[in-house]
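Take a look at the structure below.
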Amino acid sequence: MFSELPLALCTTFSLIGAGAFMVLAVLPDGPLRRPQVRGNVDVLCIMPCLAVVLGLVAACFGFQDQSTAVALLRGHGGAALVLAAVADVLLACAAVAYCLCVNFGKAAEGWRRALLRVVGVLAALFACASGLAHLAAPEPWATLATPLQMLGFSLLGGSALVTLMLEKAGALDDPSVKRSLTVAAVLGAVLGIGGFSAQVLAVSGMIGAAGAGADLVRAASMHIAVGIICLVATLVFEAMAIRMKEKGFHSVIAVASGFVGVFCLRLAFYALQFAGAA
């Protein structure tokens, strides 16, 4: 699975970073208007920004492998991959610009919120473009389960990261914020785990030159099991961080579980896809 490693790292970091910006863009403004809280959140925005940049770097390493690049272009089509790559670059540039602006500039509150919403829109565009790129692939990859699971991974991992940020910033006491984070986490878990499960069932019934799809799924079963368990843990610990009054390590565990879970499932996805196309 070493050839799939850069691609799995790319989608893991970029999707979770994008999800965090999507969630931040739709959060209620109330708690973030407190000067101290706003300043803390602005500094902590470096975390999702760094995730997006690291994902872009991992993608560059992935395309240095000619066999991986050829397999992707053959399986997805150049136009779809170019769209996803452009969306990733735009998101990374906008995220860096936002972090620099809010931490070193003197932007007014209105401009600050407007710029955050622009980053959120670009994040949603990247998450959708990354999933839609797989629709150009042959069956059983060209199904709505693929973009839906990627959107779910983005929302679940991103909401966990935002929960950690707001907890450290002292802004996790607002009921409307808690409600928004809970909705994002539950929706992300349903789309992510449900979409991936539907994908695995479709692959299990596939028969190709590489062998029966069930055998391919069995070979990746460890990564799939660990990934699903970690995503469930992400949802549970994020809910604990949101609902419990006492601060602890729940949000940290949720973020760590989210990264591990998404990475394992993305690694299994690319391993199954490349093996099935062989």
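Note on naming: chains are A, B, ... as they come in the structure tokens, residues start from 1 per chain, ligands start from 1 in the order shown.
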For Ala268 of chain A, list every protein, DNA or RNA residue within 8 Å, evaluated using only C-alpha atoms, and leave out those in the same chain fewer than 5 positions away; present the list as a PyMOL selection string. chain A and resi 220+223-224
Requested write-out: all heavy atoms of the selected residues, as an mmCIF file, in the first residue's frame:
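Saved to result23.cif:
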data_model
loop_
_atom_site.group_PDB
_atom_site.id
_atom_site.type_symbol
_atom_site.label_atom_id
_atom_site.label_comp_id
_atom_site.auth_asym_id
_atom_site.auth_seq_id
_atom_site.Cartn_x
_atom_site.Cartn_y
_atom_site.Cartn_z
ATOM 1 N N ALA A 220 -7.948 -5.850 2.741
ATOM 2 C CA ALA A 220 -7.913 -4.512 3.348
ATOM 3 C C ALA A 220 -8.788 -4.429 4.593
ATOM 4 O O ALA A 220 -9.042 -3.322 5.089
ATOM 5 C CB ALA A 220 -8.366 -3.470 2.327
ATOM 6 N N HIS A 223 -7.488 -2.377 7.770
ATOM 7 C CA HIS A 223 -7.567 -0.920 7.632
ATOM 8 C C HIS A 223 -9.019 -0.445 7.728
ATOM 9 O O HIS A 223 -9.293 0.597 8.341
ATOM 10 C CB HIS A 223 -6.973 -0.489 6.294
ATOM 11 C CG HIS A 223 -5.499 -0.701 6.198
ATOM 12 N ND1 HIS A 223 -4.949 -1.926 5.898
ATOM 13 C CD2 HIS A 223 -4.449 0.150 6.367
ATOM 14 C CE1 HIS A 223 -3.626 -1.819 5.876
ATOM 15 N NE2 HIS A 223 -3.301 -0.582 6.160
ATOM 16 N N ILE A 224 -9.930 -1.202 7.120
ATOM 17 C CA ILE A 224 -11.343 -0.809 7.146
ATOM 18 C C ILE A 224 -11.883 -0.847 8.567
ATOM 19 O O ILE A 224 -12.568 0.084 9.019
ATOM 20 C CB ILE A 224 -12.161 -1.736 6.222
ATOM 21 C CG1 ILE A 224 -11.730 -1.529 4.762
ATOM 22 C CG2 ILE A 224 -13.649 -1.467 6.377
ATOM 23 C CD1 ILE A 224 -12.349 -2.518 3.794
#
Residues at most 10 Å from Asp173 of chain A, counting only C-alpha atoms, excluding those fewer than 2 positions away in the same chain, as an MDAnalysis selection string? chainID A and resid 31 166:167 170:171 175:178 242:243 245
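In terms of minimum interatomic distance to Ser130 of chain A, A:Asp88 ranks closest within A:Gly152, A:Ala8, A:Arg112, A:Asp88, counting only C-alpha atoms.
Within 12 Å of Cys93 of chain A, once only C-alpha atoms are used and residues closer than 2 positions along the same chain are dropped, the contacting residues are A:Cys49, A:Leu50, A:Val52, A:Val53, A:Leu56, A:Val86, A:Ala87, A:Asp88, A:Val89, A:Leu90, A:Leu91, A:Ala95, A:Val96, A:Ala97, A:Tyr98, A:Cys99, A:Leu100, A:Val118, A:Val119, A:Leu122, A:Ala123.
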Please provide as a PyMOL selection string all residues within 6 Å of Gly261 of chain A, with the sequence filter that same-chain residues fewer than 3 positions apart are discarded (counting only C-alpha atoms). chain A and resi 227+230-231+257-258+264
Looking at A:Met244, A:Ala84, A:Val57, A:Ile193, which one is nearest to Leu172 of chain A, with distances taken over only C-alpha atoms? A:Met244
Fewer than 4 positions away in the same chain doesn't count, so skip those; otherwise give me all residues within 12 Å of Thr234 of chain A, counting only C-alpha atoms, as a VMD selection string. chain A and resid 153 155 to 161 163 to 164 182 185 to 186 188 to 189 192 to 193 227 to 230 238 to 241 250 to 262
DSSP alpha helix (DSSP H) residues within segment 22-202 of chain A, as a ChimeraX atom specification: /A:22-26,35-44,46-64,66-76,78-104,109-132,145-169,175-202
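As for atom CA of Leu265 of chain A and atom CA of Ala25 of chain A, they are spaced 26.5 Å apart.
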